[in-house]
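The next block is target_37.txt, given as compact mmCIF, C-alpha atoms.
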```
# COMPACT_ATOMS: atom_id res chain seq x y z
CA MET N 1 33.05 30.93 67.87
CA LYS N 2 31.27 28.50 65.54
CA ALA N 3 33.01 26.20 63.10
CA VAL N 4 32.01 23.43 60.70
CA LEU N 5 34.21 20.46 61.62
CA SER N 6 35.26 17.22 59.97
CA LYS N 7 35.75 14.82 62.86
CA GLU N 8 35.62 11.59 60.87
CA THR N 9 36.34 10.54 57.30
CA GLY N 10 33.27 10.74 55.09
CA GLY N 11 30.95 12.88 53.00
CA PRO N 12 29.19 16.16 53.78
CA GLU N 13 26.73 14.39 56.07
CA THR N 14 29.56 13.73 58.56
CA LEU N 15 30.24 17.44 59.16
CA VAL N 16 29.16 18.99 62.44
CA VAL N 17 28.82 22.58 63.71
CA GLU N 18 30.47 23.18 67.08
CA GLU N 19 31.84 25.95 69.28
CA ILE N 20 35.65 26.14 69.27
CA ALA N 21 38.22 28.49 70.78
CA GLU N 22 38.91 31.69 68.88
CA PRO N 23 42.37 31.64 67.24
CA LYS N 24 45.04 34.21 68.10
CA PRO N 25 47.38 35.55 65.43
CA GLY N 26 51.01 34.59 65.87
CA ALA N 27 54.03 36.43 64.57
CA GLY N 28 53.49 37.40 60.94
CA GLU N 29 49.81 36.45 61.09
CA VAL N 30 46.54 38.33 60.84
CA LEU N 31 43.23 37.46 62.48
CA VAL N 32 40.47 37.66 59.88
CA LYS N 33 36.79 37.91 60.77
CA VAL N 34 35.36 35.77 57.97
CA ALA N 35 32.55 37.27 55.91
CA ALA N 36 32.22 34.47 53.38
CA CYS N 37 33.78 31.15 52.44
CA ALA N 38 33.44 29.90 48.87
CA ILE N 39 33.02 26.16 48.32
CA ASN N 40 35.37 24.44 45.87
CA PHE N 41 35.90 20.91 44.60
CA PRO N 42 38.83 20.23 46.99
CA ASP N 43 36.38 20.67 49.89
CA THR N 44 34.53 17.57 48.69
CA LEU N 45 37.79 15.60 48.64
CA ILE N 46 39.53 16.77 51.79
CA ILE N 47 36.76 15.54 54.11
CA ARG N 48 37.02 12.08 52.50
CA ASP N 49 40.84 12.00 52.83
CA LEU N 50 41.10 12.02 49.03
CA TYR N 51 42.93 15.33 48.63
CA GLN N 52 46.69 15.85 48.29
CA PHE N 53 46.81 17.34 51.78
CA LYS N 54 45.31 15.59 54.81
CA PRO N 55 44.97 17.90 57.83
CA GLN N 56 44.78 16.44 61.30
CA ARG N 57 41.23 16.09 62.63
CA PRO N 58 39.19 17.80 63.78
CA PHE N 59 39.50 20.47 61.09
CA ALA N 60 37.23 22.87 59.27
CA PRO N 61 37.11 22.52 55.49
CA GLY N 62 36.89 25.62 53.32
CA GLY N 63 39.91 26.86 51.41
CA GLU N 64 38.87 30.31 50.18
CA ILE N 65 37.66 33.21 52.32
CA SER N 66 37.01 36.93 52.41
CA GLY N 67 36.58 39.13 55.44
CA THR N 68 38.00 41.98 57.50
CA VAL N 69 41.18 42.21 59.54
CA GLU N 70 40.38 42.09 63.25
CA ALA N 71 43.84 41.84 64.85
CA LEU N 72 47.50 41.84 63.84
CA GLY N 73 50.25 39.53 65.01
CA GLU N 74 53.76 40.68 65.81
CA GLY N 75 55.67 42.09 62.85
CA VAL N 76 52.74 42.64 60.50
CA GLU N 77 53.11 46.02 58.78
CA ASP N 78 51.30 45.78 55.43
CA PHE N 79 47.78 45.45 56.87
CA ALA N 80 45.65 47.38 59.35
CA VAL N 81 42.63 46.50 61.47
CA GLY N 82 39.54 46.96 59.32
CA ASP N 83 41.18 46.15 55.99
CA ARG N 84 38.97 44.15 53.62
CA VAL N 85 40.87 41.07 52.50
CA MET N 86 40.62 37.70 50.77
CA CYS N 87 42.91 34.70 50.76
CA GLY N 88 43.33 31.02 50.20
CA VAL N 89 43.74 29.07 53.42
CA GLY N 90 43.84 25.45 52.22
CA ASN N 91 41.37 24.51 54.93
CA GLY N 92 39.86 26.18 58.00
CA GLY N 93 37.67 28.68 56.17
CA LEU N 94 34.34 27.38 57.46
CA GLN N 95 34.66 29.08 60.83
CA GLU N 96 33.90 32.57 62.03
CA LYS N 97 37.52 33.70 62.45
CA VAL N 98 40.80 32.49 60.99
CA ALA N 99 44.44 33.28 61.74
CA VAL N 100 46.27 33.59 58.43
CA ALA N 101 49.86 34.34 57.41
CA ALA N 102 49.85 37.96 56.25
CA GLN N 103 51.76 37.06 53.09
CA ARG N 104 48.76 35.03 51.88
CA LEU N 105 46.32 37.95 52.04
CA PHE N 106 45.17 40.18 49.20
CA LYS N 107 43.42 43.49 49.82
CA VAL N 108 39.94 43.74 48.28
CA PRO N 109 39.44 47.07 46.46
CA ASP N 110 36.65 49.39 47.53
CA GLY N 111 33.39 48.83 45.71
CA ILE N 112 33.81 45.05 45.44
CA ASP N 113 31.39 42.99 47.52
CA LEU N 114 33.10 40.68 50.01
CA VAL N 115 30.76 37.75 49.31
CA GLN N 116 31.52 37.97 45.61
CA ALA N 117 35.23 38.49 46.37
CA SER N 118 35.33 35.16 48.19
CA ALA N 119 34.54 33.50 44.84
CA LEU N 120 37.46 35.02 42.92
CA LEU N 121 40.74 33.60 44.10
CA MET N 122 40.70 29.85 43.47
CA THR N 123 38.60 29.89 40.31
CA TYR N 124 39.91 32.94 38.49
CA GLY N 125 43.38 32.50 40.02
CA THR N 126 43.53 28.97 38.63
CA THR N 127 42.23 30.07 35.25
CA ILE N 128 44.44 33.11 34.69
CA HIS N 129 47.43 30.92 35.53
CA GLY N 130 46.13 28.13 33.30
CA LEU N 131 45.34 30.27 30.27
CA LYS N 132 48.31 32.66 30.47
CA ASP N 133 51.17 30.81 32.13
CA ARG N 134 50.40 27.26 30.98
CA GLY N 135 48.21 27.83 27.93
CA ASP N 136 50.09 30.71 26.26
CA ILE N 137 46.73 32.15 25.22
CA LYS N 138 46.66 34.55 22.27
CA ALA N 139 43.94 36.80 20.88
CA GLY N 140 42.03 35.21 18.02
CA GLU N 141 42.43 31.63 19.26
CA THR N 142 39.59 29.15 19.89
CA VAL N 143 39.17 27.81 23.42
CA LEU N 144 37.06 24.72 24.24
CA ILE N 145 36.01 24.64 27.89
CA LEU N 146 34.62 21.47 29.50
CA GLY N 147 32.40 22.00 32.55
CA ALA N 148 31.89 25.60 31.47
CA ALA N 149 29.06 26.51 33.87
CA GLY N 150 30.81 25.84 37.17
CA GLY N 151 32.90 28.40 39.02
CA VAL N 152 36.16 27.54 37.25
CA GLY N 153 34.39 27.05 33.92
CA LEU N 154 32.71 30.44 33.96
CA SER N 155 36.00 32.08 34.93
CA ALA N 156 37.53 30.45 31.84
CA VAL N 157 34.71 31.70 29.61
CA GLU N 158 35.08 35.27 30.88
CA LEU N 159 38.87 35.37 30.82
CA ALA N 160 39.18 33.76 27.38
CA LYS N 161 36.76 36.38 26.03
CA ALA N 162 38.68 39.14 27.83
CA TYR N 163 41.82 37.95 26.01
CA GLY N 164 40.08 38.16 22.66
CA CYS N 165 39.36 34.49 21.99
CA ARG N 166 36.44 32.56 20.53
CA VAL N 167 34.90 30.37 23.25
CA VAL N 168 33.12 27.02 22.91
CA ALA N 169 31.45 26.06 26.18
CA ALA N 170 30.69 22.38 26.86
CA VAL N 171 28.07 21.71 29.53
CA SER N 172 25.62 19.02 30.62
CA THR N 173 22.28 20.89 30.37
CA GLU N 174 20.65 23.64 28.36
CA GLU N 175 20.20 25.65 31.58
CA LYS N 176 23.97 25.60 32.09
CA GLY N 177 24.45 26.40 28.43
CA GLU N 178 22.41 29.56 28.81
CA VAL N 179 24.54 30.62 31.80
CA ALA N 180 27.68 30.08 29.71
CA ARG N 181 26.20 32.14 26.86
CA LYS N 182 25.44 35.01 29.23
CA ALA N 183 29.08 34.86 30.37
CA GLY N 184 30.18 35.32 26.76
CA ALA N 185 30.43 31.87 25.15
CA ASP N 186 30.18 31.97 21.36
CA GLU N 187 29.07 28.34 20.95
CA VAL N 188 27.64 25.75 23.35
CA VAL N 189 27.88 21.95 23.20
CA ILE N 190 25.49 19.97 25.41
CA TYR N 191 27.08 16.63 26.29
CA PRO N 192 25.35 13.55 27.78
CA ARG N 193 26.30 12.06 31.13
CA ALA N 194 29.14 9.53 31.05
CA PRO N 195 30.10 6.68 30.89
CA PHE N 196 30.29 6.55 27.08
CA ASP N 197 30.61 3.56 24.79
CA LYS N 198 32.81 3.83 21.69
CA ASP N 199 30.04 5.23 19.49
CA GLN N 200 29.01 7.83 22.07
CA SER N 201 32.62 8.93 22.50
CA LYS N 202 33.00 9.24 18.73
CA GLN N 203 29.79 11.29 18.49
CA LEU N 204 30.93 13.68 21.21
CA ALA N 205 34.25 14.16 19.40
CA SER N 206 32.28 15.00 16.26
CA ASP N 207 30.14 17.49 18.19
CA PHE N 208 33.25 19.17 19.59
CA LYS N 209 34.89 19.31 16.14
CA ALA N 210 31.78 20.86 14.58
CA ALA N 211 31.63 23.53 17.29
CA VAL N 212 35.32 24.53 17.32
CA GLY N 213 35.59 24.56 13.52
CA PRO N 214 37.86 22.87 10.98
CA ASP N 215 41.10 24.18 12.47
CA GLY N 216 40.35 22.75 15.93
CA ALA N 217 40.63 24.23 19.41
CA ASN N 218 43.92 25.95 20.16
CA ILE N 219 43.29 25.42 23.87
CA VAL N 220 41.20 22.74 25.58
CA TYR N 221 40.44 23.71 29.17
CA ASP N 222 39.48 20.42 30.85
CA ILE N 223 37.90 20.77 34.27
CA VAL N 224 35.93 17.51 34.02
CA GLY N 225 38.18 14.59 32.98
CA GLY N 226 36.87 11.04 32.66
CA ASP N 227 35.26 10.00 29.39
CA TYR N 228 34.98 13.62 28.26
CA SER N 229 38.72 14.21 27.83
CA GLU N 230 39.54 12.01 24.83
CA PRO N 231 36.73 13.41 22.62
CA ALA N 232 37.98 16.92 23.44
CA LEU N 233 41.56 15.97 22.61
CA ARG N 234 40.38 14.71 19.23
CA ALA N 235 39.04 18.22 18.54
CA ILE N 236 42.32 19.99 19.33
CA ALA N 237 44.24 22.08 16.79
CA TRP N 238 47.70 21.45 15.40
CA GLU N 239 50.13 22.41 18.19
CA GLY N 240 47.17 22.96 20.52
CA ARG N 241 47.48 22.97 24.32
CA PHE N 242 45.31 20.60 26.37
CA LEU N 243 45.14 21.94 29.94
CA VAL N 244 44.38 19.49 32.75
CA ILE N 245 42.58 21.37 35.55
CA GLY N 246 40.63 18.68 37.43
CA PHE N 247 38.78 15.42 37.08
CA PRO N 248 35.46 15.17 38.98
CA ALA N 249 34.35 12.65 36.31
CA GLY N 250 37.48 10.55 36.89
CA ILE N 251 41.08 10.48 35.68
CA ALA N 252 41.14 10.13 31.90
CA LYS N 253 43.12 7.51 30.01
CA MET N 254 44.43 9.38 27.00
CA PRO N 255 45.65 7.77 23.73
CA LEU N 256 49.04 9.44 23.40
CA ASN N 257 49.23 8.75 19.68
CA LEU N 258 46.84 11.70 19.32
CA THR N 259 49.48 14.04 20.72
CA LEU N 260 51.83 12.91 17.96
CA LEU N 261 49.22 13.25 15.20
CA LYS N 262 48.27 16.78 16.33
CA SER N 263 51.75 17.77 17.54
CA CYS N 264 49.93 18.99 20.63
CA ASP N 265 50.76 19.27 24.33
CA ILE N 266 49.00 17.99 27.44
CA ARG N 267 49.87 20.37 30.27
CA GLY N 268 49.00 20.14 33.95
CA VAL N 269 47.71 23.19 35.82
CA PHE N 270 48.42 22.98 39.56
CA TRP N 271 47.76 26.54 40.66
CA GLY N 272 48.12 25.87 44.39
CA ALA N 273 51.68 24.52 44.09
CA TRP N 274 52.60 27.24 41.58
CA THR N 275 51.54 30.03 43.97
CA ALA N 276 54.00 28.71 46.57
CA ARG N 277 56.81 28.61 44.00
CA GLU N 278 55.97 31.87 42.24
CA PRO N 279 54.27 34.19 44.76
CA GLN N 280 55.22 37.40 42.94
CA LYS N 281 53.87 36.17 39.59
CA ASN N 282 50.69 35.04 41.32
CA ALA N 283 50.31 38.46 42.99
CA ALA N 284 50.64 40.10 39.55
CA ASN N 285 47.92 37.78 38.19
CA ILE N 286 45.57 38.62 41.06
CA ALA N 287 46.18 42.34 40.52
CA GLU N 288 45.30 41.86 36.84
CA LEU N 289 42.08 40.08 37.84
CA PHE N 290 40.97 43.06 39.92
CA GLU N 291 41.75 45.37 36.98
CA LEU N 292 39.63 43.20 34.68
CA TRP N 293 36.85 43.12 37.30
CA GLN N 294 36.82 46.88 37.71
CA ALA N 295 36.84 47.23 33.90
CA GLY N 296 33.68 45.11 33.74
CA LYS N 297 35.30 42.21 31.87
CA ILE N 298 34.86 39.61 34.63
CA SER N 299 32.36 39.23 37.47
CA PRO N 300 32.28 36.08 39.64
CA LEU N 301 28.84 34.48 39.64
CA VAL N 302 27.64 33.54 43.14
CA SER N 303 24.50 31.55 42.39
CA GLU N 304 23.59 30.57 45.97
CA THR N 305 24.58 31.46 49.53
CA TYR N 306 24.20 29.28 52.62
CA PRO N 307 24.44 30.01 56.35
CA LEU N 308 27.24 28.30 58.25
CA GLU N 309 24.84 25.68 59.67
CA ARG N 310 24.01 24.52 56.13
CA ALA N 311 27.56 24.41 54.76
CA HIS N 312 27.26 20.65 54.31
CA GLU N 313 24.43 21.23 51.81
CA ALA N 314 26.65 23.44 49.67
CA ILE N 315 29.44 20.86 49.67
CA ALA N 316 26.97 18.10 48.77
CA LYS N 317 25.52 20.11 45.89
CA LEU N 318 28.97 20.78 44.45
CA GLU N 319 29.95 17.13 44.90
CA ASN N 320 26.86 16.08 42.93
CA ARG N 321 27.81 18.50 40.12
CA GLY N 322 24.64 20.50 40.63
CA ALA N 323 26.28 23.89 41.09
CA ILE N 324 26.15 26.73 38.59
CA GLY N 325 28.81 29.35 39.27
CA LYS N 326 30.00 29.45 42.88
CA LEU N 327 28.30 28.37 46.10
CA VAL N 328 29.27 30.53 49.08
CA VAL N 329 28.78 30.09 52.83
CA THR N 330 28.22 33.40 54.64
CA MET N 331 28.93 34.08 58.30
CA PRO N 332 26.60 35.67 60.86
CA GLY N 333 27.11 39.34 61.62
```
Output the structure of this file as structure tokens.
Amino acid sequence: MKAVLSKETGGPETLVVEEIAEPKPGAGEVLVKVAACAINFPDTLIIRDLYQFKPQRPFAPGGEISGTVEALGEGVEDFAVGDRVMCGVGNGGLQEKVAVAAQRLFKVPDGIDLVQASALLMTYGTTIHGLKDRGDIKAGETVLILGAAGGVGLSAVELAKAYGCRVVAAVSTEEKGEVARKAGADEVVIYPRAPFDKDQSKQLASDFKAAVGPDGANIVYDIVGGDYSEPALRAIAWEGRFLVIGFPAGIAKMPLNLTLLKSCDIRGVFWGAWTAREPQKNAANIAELFELWQAGKISPLVSETYPLERAHEAIAKLENRGAIGKLVVTMPG
């Protein structure tokens, strides 16, 4: 079978497509014929050895897949051959078949497209955990979302609206702003590209404050980091919650006196670690996501698909912050 392999440390240009042996499911595992593999920010890091986990080379990147069950390992009872499934695999998704622990799989309901399903778990799973479990979201609150036109950002727009909140989407272009509006954003802030000097940072804070209103943002959902974080923190409400999701623009240096002045919290959102610690709560969140999807309140946006041979192009586009919604690699057959 074909696989996209990282055989040396480096960017997307170092990835190669090769034939490898087909995996066999061990005890408690399921062999999944991959239909689609969504590309996420960790894929840009793991091939450069910059991610928290460093698999032994050669390995296939790709942490989020959908597909059909092709074979069952010993002791697997909750799945059958032919079941439509999705799961997070950490890495290894950019290959035609994957052996996965059965406990990591979620069944995909009938009527939901497998390509679109591949774009649900990491983005919407992160966001439902962030907004509910870490952000204590309540109807009527104002949510400021940085990087609102990417996969995670759009999931935050949709879920915040589903929970009855007013959404301010912050993005880098008018094109992305229009995508955020179509997803339900009430206001859009177009920010310039960092780095910012002191005056530019102050202006962005003013723009955020004007958009969220005089009471501030009850939740700041920060997917971007870098120079964008402090201006957003300055626009937070009294006792607001600043959620740290990721930092493709760099790790922010935050003036902690602002947390005192606003009596606000800065809270980390590490969905991957939380799922290992709280699998039952995560399963309940994923079930809720499918209910919201079937009710028409969320719908993952897959803006582009790529064949396996061009997976490196998808990773490069995401790394360069050119993606709108999710980029997905589809498998032959």
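Near N:Gly240, within 8 Å and counting only C-alpha atoms, sit Ala217, Asn218, Ile219, Val220, Lys262, Ser263, Cys264 and Asp265 of chain N, not including residues fewer than 6 positions from it in the same chain.
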Counting all atoms listed in the file, which residues of stretch 17-76 of chain N fall within 12 Å of stretch 98-101 of chain N, and what is the closest atom pair for each with its distance in Å at one decimal, ordered by chain and rising number, as a tab-separated table?
```
residue	atom	partner	partner_atom	distance
N:Ile20	CA	N:Val98	CA	11.6
N:Ala21	CA	N:Val98	CA	10.9
N:Glu22	CA	N:Val98	CA	8.2
N:Pro23	CA	N:Ala99	CA	6.1
N:Lys24	CA	N:Ala99	CA	6.5
N:Pro25	CA	N:Ala99	CA	5.2
N:Gly26	CA	N:Ala99	CA	7.9
N:Ala27	CA	N:Ala101	CA	8.5
N:Gly28	CA	N:Ala101	CA	5.9
N:Glu29	CA	N:Ala101	CA	4.2
N:Val30	CA	N:Val100	CA	5.3
N:Leu31	CA	N:Ala99	CA	4.4
N:Val32	CA	N:Val98	CA	5.3
N:Lys33	CA	N:Val98	CA	6.7
N:Val34	CA	N:Val98	CA	7.0
N:Ala35	CA	N:Val98	CA	10.8
N:Ala36	CA	N:Val98	CA	11.6
N:Cys37	CA	N:Val98	CA	11.1
N:Ala60	CA	N:Val98	CA	10.4
N:Pro61	CA	N:Val98	CA	12.0
N:Gly62	CA	N:Val98	CA	11.0
N:Gly63	CA	N:Val98	CA	11.1
N:Glu64	CA	N:Val98	CA	11.2
N:Ile65	CA	N:Val98	CA	9.2
N:Ser66	CA	N:Val98	CA	10.4
N:Gly67	CA	N:Val98	CA	9.6
N:Thr68	CA	N:Val98	CA	10.5
N:Val69	CA	N:Ala99	CA	9.8
N:Glu70	CA	N:Ala99	CA	9.8
N:Ala71	CA	N:Ala99	CA	9.1
N:Leu72	CA	N:Ala99	CA	9.3
N:Gly73	CA	N:Ala99	CA	9.1
N:Glu74	CA	N:Ala101	CA	11.2
N:Gly75	CA	N:Ala101	CA	11.1
N:Val76	CA	N:Ala101	CA	9.3
```
**Selected residue of minimal separation from N:Gly177 among N:Ile324, N:Glu313, N:Val224, N:Thr123, counting all atoms listed in the file** =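 Nearest candidate to N:Gly177 out of N:Ile324, N:Glu313, N:Val224, N:Thr123: N:Ile324.
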**Request:** Could you give me, as a ChimeraX atom specification, the residues within 9 Å of N:Gly268, counting only C-alpha atoms and dropping anything in the same chain fewer than 2 positions from it?
**Result:** /N:130,134,242-245,266,270
**Message:** Just want the 12 Å neighbourhood of N:Thr275, counted on only C-alpha atoms, with same-chain residues fewer than 3 positions away dropped. Output as a list of chain:residue names.
**Reply:** N:Cys87, N:Gly88, N:Gln103, N:Arg104, N:Leu121, N:Met122, N:Gly125, N:Thr126, N:His129, N:Asp133, N:Val269, N:Phe270, N:Trp271, N:Gly272, N:Glu278, N:Pro279, N:Gln280, N:Lys281, N:Asn282, N:Ala283, N:Ala284, N:Asn285, N:Ile286
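Closest approach to N:Ile46 among N:Lys202, N:Arg84, N:Lys326, N:Lys7 is made by N:Lys7 (distances from all atoms listed in the file).
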**Prompt:** In Å to one decimal, how far is atom CA of N:Ala149 from atom CA of N:Lys176?
**Reply:** 5.5 Å
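Atom pair atom CA of N:Leu308 / atom CA of N:Leu50: separated by 23.3 Å.
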